[in-house]
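Data from coords.txt: compact mmCIF, C-alpha atoms and all ligand atoms
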# COMPACT_ATOMS: atom_id res chain seq x y z
CA MET V 1 75.36 108.44 113.38
CA ALA V 2 72.50 110.28 111.65
CA MET V 3 70.91 108.07 108.98
CA ARG V 4 69.06 109.16 105.86
CA HIS V 5 65.34 108.48 106.29
CA SER V 6 62.14 110.24 105.26
CA THR V 7 59.88 112.97 106.54
CA ILE V 8 56.61 114.52 105.36
CA ILE V 9 56.93 118.13 104.17
CA GLY V 10 53.44 118.77 102.74
CA THR V 11 49.90 117.45 103.10
CA GLY V 12 46.60 117.96 101.30
CA PHE V 13 43.16 116.41 101.08
CA TYR V 14 39.99 116.69 99.05
CA VAL V 15 36.49 115.32 99.33
CA PRO V 16 33.85 115.77 96.63
CA PRO V 17 31.06 118.27 97.32
CA ASN V 18 28.01 115.97 97.59
CA VAL V 19 27.05 115.10 101.17
CA VAL V 20 24.91 111.99 101.70
CA THR V 21 23.46 111.67 105.19
CA ASN V 22 22.21 108.51 106.89
CA ASP V 23 18.67 109.81 106.42
CA ASP V 24 19.33 110.13 102.68
CA LEU V 25 20.33 106.44 102.63
CA ALA V 26 17.27 105.47 104.68
CA ARG V 27 15.12 106.89 101.87
CA ILE V 28 16.59 104.43 99.30
CA MET V 29 17.16 101.28 101.39
CA ASP V 30 15.95 99.61 104.58
CA THR V 31 18.30 101.26 107.08
CA SER V 32 18.13 104.08 109.61
CA ASP V 33 20.23 106.87 111.05
CA ALA V 34 19.89 105.14 114.45
CA TRP V 35 21.30 101.80 113.16
CA ILE V 36 24.22 103.38 111.30
CA THR V 37 25.11 105.80 114.12
CA GLU V 38 24.92 103.19 116.86
CA ARG V 39 26.85 100.47 114.98
CA THR V 40 29.48 102.65 113.30
CA GLY V 41 29.45 106.30 114.44
CA ILE V 42 28.93 107.45 110.83
CA LYS V 43 26.50 110.35 110.22
CA GLN V 44 27.34 111.31 106.63
CA ARG V 45 29.78 110.67 103.80
CA TYR V 46 30.85 112.48 100.60
CA ILE V 47 30.10 111.12 97.16
CA ALA V 48 31.74 112.01 93.86
CA ASP V 49 29.85 113.01 90.72
CA GLU V 50 29.57 110.36 88.05
CA GLY V 51 32.59 110.54 85.75
CA THR V 52 34.98 111.25 88.65
CA GLY V 53 37.55 108.58 89.45
CA ALA V 54 40.17 108.05 92.15
CA ALA V 55 42.81 109.86 90.07
CA ASP V 56 40.57 112.96 89.82
CA LEU V 57 40.18 113.19 93.60
CA GLY V 58 43.84 112.27 94.07
CA LYS V 59 44.90 115.06 91.69
CA ILE V 60 43.30 117.78 93.83
CA ALA V 61 44.73 116.32 97.04
CA ALA V 62 48.16 116.09 95.34
CA GLU V 63 48.01 119.71 94.14
CA ARG V 64 47.23 120.82 97.69
CA ALA V 65 50.05 118.73 99.17
CA LEU V 66 52.52 120.10 96.61
CA ALA V 67 51.44 123.70 97.34
CA ASP V 68 51.79 123.02 101.07
CA ALA V 69 55.31 121.66 100.50
CA GLY V 70 56.19 124.67 98.30
CA LEU V 71 56.97 122.35 95.37
CA THR V 72 55.67 121.78 91.83
CA ASN V 73 55.01 118.58 89.85
CA GLN V 74 58.44 118.92 88.28
CA ASP V 75 60.15 118.46 91.66
CA ILE V 76 58.57 115.03 92.25
CA ASP V 77 60.58 111.93 91.26
CA LEU V 78 58.23 109.08 92.29
CA ILE V 79 54.44 108.69 92.62
CA ILE V 80 52.88 106.02 94.85
CA PHE V 81 49.10 105.73 94.63
CA ALA V 82 47.17 103.65 97.16
CA THR V 83 43.61 102.70 96.20
CA LEU V 84 41.27 99.73 96.07
CA ASN V 85 39.19 101.60 93.50
CA PRO V 86 41.50 102.09 90.52
CA ASP V 87 39.99 104.19 87.72
CA VAL V 88 40.22 101.15 85.43
CA PHE V 89 41.25 97.50 85.98
CA PHE V 90 44.64 98.44 84.49
CA PRO V 91 46.83 100.53 84.29
CA GLY V 92 47.02 101.84 87.82
CA SER V 93 45.66 105.17 88.98
CA ALA V 94 49.18 106.58 89.41
CA CYS V 95 49.51 106.40 85.62
CA ILE V 96 46.03 107.88 85.14
CA LEU V 97 47.08 110.70 87.47
CA GLN V 98 50.12 111.31 85.25
CA SER V 99 47.77 111.88 82.33
CA LYS V 100 46.04 114.64 84.32
CA MET V 101 49.13 116.35 85.80
CA PRO V 102 52.44 116.70 83.94
CA PHE V 103 55.08 114.67 85.79
CA GLY V 104 57.35 113.86 82.84
CA THR V 105 58.26 110.16 82.82
CA ILE V 106 58.92 109.57 86.50
CA PRO V 107 57.95 106.14 87.87
CA ALA V 108 54.36 105.82 89.01
CA LEU V 109 53.04 102.79 90.87
CA ASP V 110 49.84 101.65 92.54
CA ILE V 111 49.57 99.58 95.66
CA ARG V 112 46.52 97.52 96.56
CA GLN V 113 46.52 97.31 100.33
CA GLN V 114 43.00 98.59 101.00
CA CYS V 115 42.55 100.23 104.43
CA THR V 116 46.26 99.76 105.18
CA GLY V 117 47.19 101.28 101.83
CA PHE V 118 48.48 104.60 103.08
CA ILE V 119 50.74 103.02 105.72
CA TYR V 120 52.20 100.56 103.20
CA ALA V 121 52.65 103.45 100.71
CA VAL V 122 54.54 105.60 103.21
CA ALA V 123 56.69 102.58 104.16
CA ILE V 124 57.57 101.98 100.48
CA ALA V 125 58.35 105.67 99.97
CA ASP V 126 60.52 105.66 103.10
CA ALA V 127 62.46 102.61 101.85
CA PHE V 128 63.13 104.22 98.45
CA ILE V 129 64.24 107.42 100.15
CA ARG V 130 66.50 105.58 102.61
CA MET V 131 68.24 103.72 99.79
CA GLY V 132 68.84 107.01 97.98
CA ALA V 133 66.82 106.08 94.88
CA TYR V 134 64.31 108.95 95.12
CA SER V 135 64.12 112.17 97.07
CA LYS V 136 60.73 113.81 96.44
CA VAL V 137 57.97 111.25 96.67
CA LEU V 138 54.27 111.99 96.23
CA VAL V 139 52.13 109.52 98.18
CA ILE V 140 48.39 109.52 97.51
CA GLY V 141 45.49 107.60 99.01
CA ALA V 142 42.26 108.11 97.05
CA GLU V 143 39.00 106.24 96.73
CA VAL V 144 35.77 106.54 94.77
CA HIS V 145 33.72 103.84 96.48
CA SER V 146 30.30 105.23 95.65
CA THR V 147 30.21 104.03 92.03
CA GLY V 148 30.77 100.44 93.19
CA LEU V 149 28.35 100.06 96.10
CA ASP V 150 24.95 98.40 96.13
CA PHE V 151 22.67 101.17 97.36
CA THR V 152 19.71 98.83 97.82
CA THR V 153 18.69 96.87 100.94
CA ARG V 154 20.67 93.88 99.58
CA GLY V 155 23.92 95.86 99.92
CA ARG V 156 23.14 97.88 103.05
CA ASP V 157 25.68 96.12 105.30
CA VAL V 158 28.54 97.51 103.16
CA ALA V 159 27.07 100.54 101.33
CA VAL V 160 26.42 102.60 104.47
CA LEU V 161 30.05 102.35 105.61
CA PHE V 162 32.06 103.88 102.80
CA GLY V 163 32.67 107.38 101.46
CA ASP V 164 34.76 108.98 98.71
CA GLY V 165 37.84 111.12 99.33
CA ALA V 166 41.55 111.63 98.82
CA GLY V 167 44.62 112.60 100.82
CA ALA V 168 48.22 113.14 99.77
CA VAL V 169 51.62 113.81 101.30
CA VAL V 170 55.04 114.79 99.94
CA MET V 171 58.02 112.98 101.44
CA THR V 172 61.68 113.99 101.33
CA PRO V 173 64.93 112.81 102.95
CA THR V 174 66.15 114.04 106.30
CA GLU V 175 69.17 113.15 108.38
CA ASN V 176 67.73 114.69 111.51
CA GLU V 177 67.04 111.75 113.83
CA ASN V 178 64.53 113.87 115.76
CA GLU V 179 62.13 114.18 112.85
CA GLY V 180 60.33 112.08 110.30
CA VAL V 181 59.47 108.41 110.03
CA LEU V 182 60.77 106.45 113.01
CA GLY V 183 59.48 102.99 112.20
CA PHE V 184 56.81 100.67 110.80
CA ALA V 185 55.16 97.35 111.44
CA LEU V 186 53.46 95.79 108.39
CA HIS V 187 51.44 92.57 108.16
CA ALA V 188 49.14 90.58 105.92
CA GLN V 189 47.20 87.35 106.41
CA GLY V 190 45.88 86.29 103.04
CA GLU V 191 43.92 83.31 104.36
CA HIS V 192 41.21 85.86 105.22
CA TRP V 193 41.09 87.49 101.77
CA ASP V 194 37.44 86.54 101.23
CA LYS V 195 36.21 88.19 104.45
CA LEU V 196 36.15 91.51 102.58
CA TYR V 197 36.59 91.49 98.83
CA LEU V 198 35.18 92.34 95.43
CA PRO V 199 34.37 89.15 93.51
CA ALA V 200 33.73 90.33 89.93
CA PRO V 201 35.28 90.94 87.49
CA TYR V 202 37.13 87.64 88.10
CA GLY V 203 40.61 87.38 86.66
CA SER V 204 40.16 83.60 86.58
CA VAL V 205 36.87 83.48 84.64
CA ARG V 206 36.79 83.68 80.86
CA GLY V 207 35.00 86.90 79.97
CA ARG V 208 35.59 88.10 83.54
CA ILE V 209 31.98 89.22 84.12
CA THR V 210 28.60 87.91 82.97
CA HIS V 211 25.01 89.15 83.13
CA GLU V 212 24.30 86.41 85.69
CA MET V 213 27.11 87.66 87.93
CA ILE V 214 25.69 91.16 87.74
CA ASP V 215 22.19 89.85 88.54
CA ARG V 216 23.66 88.14 91.63
CA GLY V 217 25.45 91.37 92.61
CA GLU V 218 28.94 89.85 92.41
CA HIS V 219 30.30 93.17 91.16
CA TYR V 220 29.65 94.62 94.63
CA PRO V 221 31.99 94.15 97.64
CA LYS V 222 31.24 91.31 100.06
CA MET V 223 32.08 91.53 103.74
CA ASP V 224 31.82 89.29 106.79
CA GLY V 225 31.54 92.33 109.07
CA ARG V 226 31.64 90.42 112.36
CA ALA V 227 34.80 88.51 111.38
CA VAL V 228 36.54 91.72 110.26
CA PHE V 229 35.55 93.44 113.50
CA LYS V 230 36.74 90.49 115.62
CA HIS V 231 40.21 90.53 114.04
CA ALA V 232 40.55 94.32 113.84
CA VAL V 233 40.81 95.20 117.52
CA PRO V 234 43.54 92.71 118.54
CA ARG V 235 45.55 93.30 115.34
CA PHE V 236 45.45 97.09 115.94
CA CYS V 237 46.76 96.64 119.49
CA GLU V 238 49.46 94.13 118.46
CA THR V 239 50.79 96.32 115.66
CA ILE V 240 50.86 99.40 117.90
CA ASN V 241 52.85 97.49 120.53
CA GLU V 242 55.17 96.19 117.82
CA VAL V 243 56.03 99.59 116.35
CA LEU V 244 56.53 101.04 119.84
CA ALA V 245 58.86 98.16 120.78
CA LYS V 246 60.80 98.53 117.50
CA THR V 247 61.35 102.25 118.01
CA GLY V 248 61.87 102.24 121.78
CA TYR V 249 58.90 104.46 122.64
CA LYS V 250 56.11 103.93 125.17
CA ILE V 251 52.40 104.51 124.55
CA GLU V 252 52.54 107.46 127.01
CA ASP V 253 55.03 109.17 124.65
CA VAL V 254 52.48 109.30 121.82
CA ASP V 255 50.97 112.78 121.32
CA LEU V 256 48.39 111.82 118.72
CA PHE V 257 46.96 108.51 117.53
CA ILE V 258 45.33 108.36 114.09
CA PRO V 259 43.63 105.02 113.58
CA HIS V 260 42.09 104.00 110.28
CA GLN V 261 38.41 104.99 110.48
CA ALA V 262 36.36 101.85 109.78
CA ASN V 263 34.06 101.94 112.78
CA ASP V 264 34.04 104.27 115.78
CA ARG V 265 33.46 101.27 118.05
CA ILE V 266 36.78 99.80 116.84
CA THR V 267 38.52 103.15 117.42
CA LYS V 268 37.11 103.42 120.96
CA MET V 269 37.98 99.82 121.87
CA VAL V 270 41.55 100.21 120.60
CA GLY V 271 41.97 103.55 122.42
CA LYS V 272 40.71 102.00 125.64
CA GLN V 273 42.81 98.84 125.38
CA MET V 274 45.92 100.91 124.65
CA ARG V 275 45.05 103.27 127.56
CA LEU V 276 45.14 106.29 125.27
CA PRO V 277 43.13 109.25 126.55
CA ASP V 278 40.27 110.31 124.23
CA GLU V 279 41.89 113.66 123.45
CA LYS V 280 44.86 111.83 121.86
CA VAL V 281 42.67 109.67 119.57
CA VAL V 282 41.46 111.13 116.27
CA SER V 283 37.97 110.30 115.06
CA ASN V 284 36.35 111.89 112.00
CA ILE V 285 34.32 108.91 110.77
CA ALA V 286 31.06 110.73 111.59
CA ARG V 287 31.68 113.14 108.69
CA TYR V 288 33.43 110.96 106.09
CA GLY V 289 32.60 107.29 106.68
CA ASN V 290 35.36 104.88 105.74
CA THR V 291 37.48 106.38 102.95
CA THR V 292 39.94 103.44 103.04
CA ALA V 293 43.40 104.50 101.75
CA ALA V 294 42.41 108.18 102.01
CA THR V 295 41.42 108.02 105.66
CA ILE V 296 44.76 108.49 107.40
CA PRO V 297 46.00 111.37 105.20
CA ILE V 298 42.63 113.12 105.59
CA CYS V 299 42.91 112.74 109.38
CA ILE V 300 46.50 114.05 109.24
CA CYS V 301 45.38 117.18 107.34
CA GLU V 302 42.48 117.85 109.70
CA SER V 303 44.67 117.32 112.77
CA ARG V 304 47.13 119.89 111.44
CA GLN V 305 44.27 122.32 110.77
CA ASP V 306 42.79 121.97 114.25
CA GLY V 307 46.22 122.25 115.88
CA ARG V 308 46.36 118.77 117.44
CA LEU V 309 49.24 117.75 115.16
CA LYS V 310 52.14 120.17 115.26
CA LYS V 311 55.88 120.28 114.73
CA GLY V 312 57.45 117.92 117.25
CA SER V 313 54.33 115.80 117.87
CA LEU V 314 54.91 112.05 118.16
CA LEU V 315 52.33 110.68 115.70
CA LEU V 316 51.15 107.07 115.76
CA CYS V 317 49.03 105.74 112.87
CA ALA V 318 47.56 102.24 112.54
CA ALA V 319 45.19 100.48 110.16
CA PHE V 320 43.50 97.16 109.55
CA GLY V 321 41.42 96.00 106.61
CA SER V 322 40.80 93.78 103.63
CA GLY V 323 43.49 91.26 102.79
CA PHE V 324 43.65 91.00 105.75
CA THR V 325 46.34 93.65 105.87
CA TRP V 326 47.32 95.72 108.87
CA GLY V 327 50.15 97.88 110.08
CA SER V 328 51.33 100.90 112.01
CA MET V 329 53.84 103.72 111.74
CA LEU V 330 55.40 106.11 114.20
CA MET V 331 56.76 109.49 113.17
CA ARG V 332 58.02 112.72 114.69
CA TRP V 333 56.01 115.38 112.88
CA SER V 334 58.32 117.96 111.32
CA ILE V 335 56.14 120.76 109.85
O1 LIG V 401 37.75 99.18 106.69
C1 LIG V 401 37.48 97.90 106.25
C2 LIG V 401 37.29 97.06 107.41
N1 LIG V 401 35.89 96.99 107.74
C3 LIG V 401 35.56 96.97 109.02
O2 LIG V 401 36.39 97.14 109.88
C4 LIG V 401 34.12 96.66 109.37
C5 LIG V 401 34.06 95.83 110.62
N2 LIG V 401 32.73 95.44 110.96
C6 LIG V 401 31.82 96.33 111.42
O3 LIG V 401 32.12 97.49 111.53
C7 LIG V 401 30.47 95.81 111.83
O4 LIG V 401 30.46 94.40 111.78
C8 LIG V 401 29.30 96.37 110.96
C9 LIG V 401 29.11 97.84 111.23
C10 LIG V 401 29.60 96.15 109.49
C11 LIG V 401 28.00 95.66 111.29
O5 LIG V 401 27.75 95.76 112.69
P1 LIG V 401 27.34 94.46 113.51
O6 LIG V 401 27.04 94.93 114.86
O7 LIG V 401 28.44 93.47 113.36
O8 LIG V 401 26.02 94.01 112.78
P2 LIG V 401 25.70 92.62 112.07
O9 LIG V 401 26.47 92.49 110.81
O10 LIG V 401 25.81 91.55 113.08
O11 LIG V 401 24.17 92.84 111.69
C12 LIG V 401 23.17 92.99 112.70
C13 LIG V 401 21.83 93.12 112.00
C14 LIG V 401 21.58 92.06 110.94
O12 LIG V 401 20.23 91.68 111.03
P3 LIG V 401 19.80 90.34 111.80
O13 LIG V 401 20.53 89.23 111.10
O14 LIG V 401 20.27 90.53 113.21
O15 LIG V 401 18.32 90.32 111.62
C15 LIG V 401 21.83 92.77 109.64
O16 LIG V 401 21.06 92.24 108.58
O17 LIG V 401 21.75 94.37 111.31
C16 LIG V 401 21.34 94.16 109.95
N3 LIG V 401 21.95 95.20 109.12
C17 LIG V 401 21.43 96.42 108.98
N4 LIG V 401 20.33 96.99 109.48
C18 LIG V 401 20.07 98.27 109.16
C19 LIG V 401 23.11 95.13 108.41
N5 LIG V 401 23.34 96.30 107.80
C20 LIG V 401 22.32 97.12 108.13
C21 LIG V 401 22.00 98.44 107.83
N6 LIG V 401 20.89 98.99 108.36
N7 LIG V 401 22.79 99.22 107.04

Whole structure given in structure tokens:
Amino acid sequence: MAMRHSTIIGTGFYVPPNVVTNDDLARIMDTSDAWITERTGIKQRYIADEGTGAADLGKIAAERALADAGLTNQDIDLIIFATLNPDVFFPGSACILQSKMPFGTIPALDIRQQCTGFIYAVAIADAFIRMGAYSKVLVIGAEVHSTGLDFTTRGRDVAVLFGDGAGAVVMTPTENENEGVLGFALHAQGEHWDKLYLPAPYGSVRGRITHEMIDRGEHYPKMDGRAVFKHAVPRFCETINEVLAKTGYKIEDVDLFIPHQANDRITKMVGKQMRLPDEKVVSNIARYGNTTAATIPICICESRQDGRLKKGSLLLCAAFGSGFTWGSMLMRWSI
């Protein structure tokens, strides 16, 4: 019997206009285009103007997704905003977005799942749609990393990796079992939370942030890059196998694989281990760097534009990142 589930009916993305190349970074810190390219595959990233927050980028991506879906704000009945860079500590960026676009008083929630944010957000939207609670859900992944990175040699291991950007999708119910979201696999392993995290402001410290903390750079993200890398590849492969097993598909059935873009070496290793041919694996990290929760929706938009993702394509997405969190989703593309 056909079951109510969700499908994506509109997509949009936006990156701010300022391009920062590896050579630009090499002028302000001890790094080089050769190091960044060889270790990560990144050549450039986009950076927002000061005064621009995640909700500002998310708003433009959302407007584009709504236009693509042929809908207006008034049609939406739930907003889910994935970001690790909320505009302010609280409230969430979904509420800030509501102050910039009229959505009435519909529920608006943030999720904090870092690189896996978009997959978790789509899974939450799908669950709400399946249970019949909501029927036009706006899912956004948006990040302004650049205001929170240490662009000196001290912070070079993290600062060169990240870029700003936003992507959005509109999800609605379908009862057609040949389209839409087919399944998910979601995981988290909190014991590794301090392998990639932002220390300050500390919720547990009176005053939250001090001059000494700022002098020590505790308001910048910290990462054990090798540990993250070591966990990423096997977790990607496990979660892909899990979602395929859950949905009854084989890796050969997949038409397009969109992995989270953290490092092109991770993408290549996962593609190889999963025996996916290069032409089925999306990589745009060279142009955007790691845009965290925005990465997968940006890749989805670009894949539609270049014709690799089309109606009927079996789309596999997977991500791994801070938390640790990781997950995958399989969908039959319907637009
Ligand atoms: O999406 C969130 C999840 N994040 C990830 O998935 C990131 C996973 N990790 C990685 O992608 C890689 O570990 C990095 C790209 C972050 C680093 O590559 P690596 O091959 O693991 O390098 P490393 O951390 O072992 O550093 C090698 C050397 C070090 O110098 P020494 O100790 O060998 O003298 C670093 O200090 O490279 C140095 N280094 C740099 N040199 C030039 C670190 N950052 C830079 C830099 N430019 N930006």

Practice task
All residues within 6 Å of ligand LIG 401 (chain V) are required, counting only C-alpha atoms and all ligand atoms; please report them as a PyMOL selection string.
Solution key: chain V and resi 31-32+35+39-40+115+156-157+160+225-226+228-229+262-263+321-322

Please write the residues from the selection above to a file, keeping C-alpha atoms, as a compact mmCIF listing (two decimals), in the frame of the given file.
# COMPACT_ATOMS: atom_id res chain seq x y z
CA THR V 31 18.30 101.26 107.08
CA SER V 32 18.13 104.08 109.61
CA TRP V 35 21.30 101.80 113.16
CA ARG V 39 26.85 100.47 114.98
CA THR V 40 29.48 102.65 113.30
CA CYS V 115 42.55 100.23 104.43
CA ARG V 156 23.14 97.88 103.05
CA ASP V 157 25.68 96.12 105.30
CA VAL V 160 26.42 102.60 104.47
CA GLY V 225 31.54 92.33 109.07
CA ARG V 226 31.64 90.42 112.36
CA VAL V 228 36.54 91.72 110.26
CA PHE V 229 35.55 93.44 113.50
CA ALA V 262 36.36 101.85 109.78
CA ASN V 263 34.06 101.94 112.78
CA GLY V 321 41.42 96.00 106.61
CA SER V 322 40.80 93.78 103.63

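In this structure, atom CA of Leu276 of chain V sits 23.2 Å away from atom CA of Thr325 of chain V.
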
Practice task
Using only C-alpha atoms, determine which residues lie at most 12 Å from Ala245 of chain V, disregarding the query and same-chain residues fewer than 2 positions distant; provide the list as a PyMOL selection string.
Solution key: chain V and resi 182-185+238-243+247-251+328-330

Handout entry: Distance query Ile60 of chain V at most 10 Å, only C-alpha atoms, self and fewer than 3 positions along chain excluded, as number ranges by chain
Key = V: 12-15, 55-57, 63-66, 166-168

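When atom CA of Gln261 of chain V is paired with atom CA of Val88 of chain V, their separation reads 25.4 Å.
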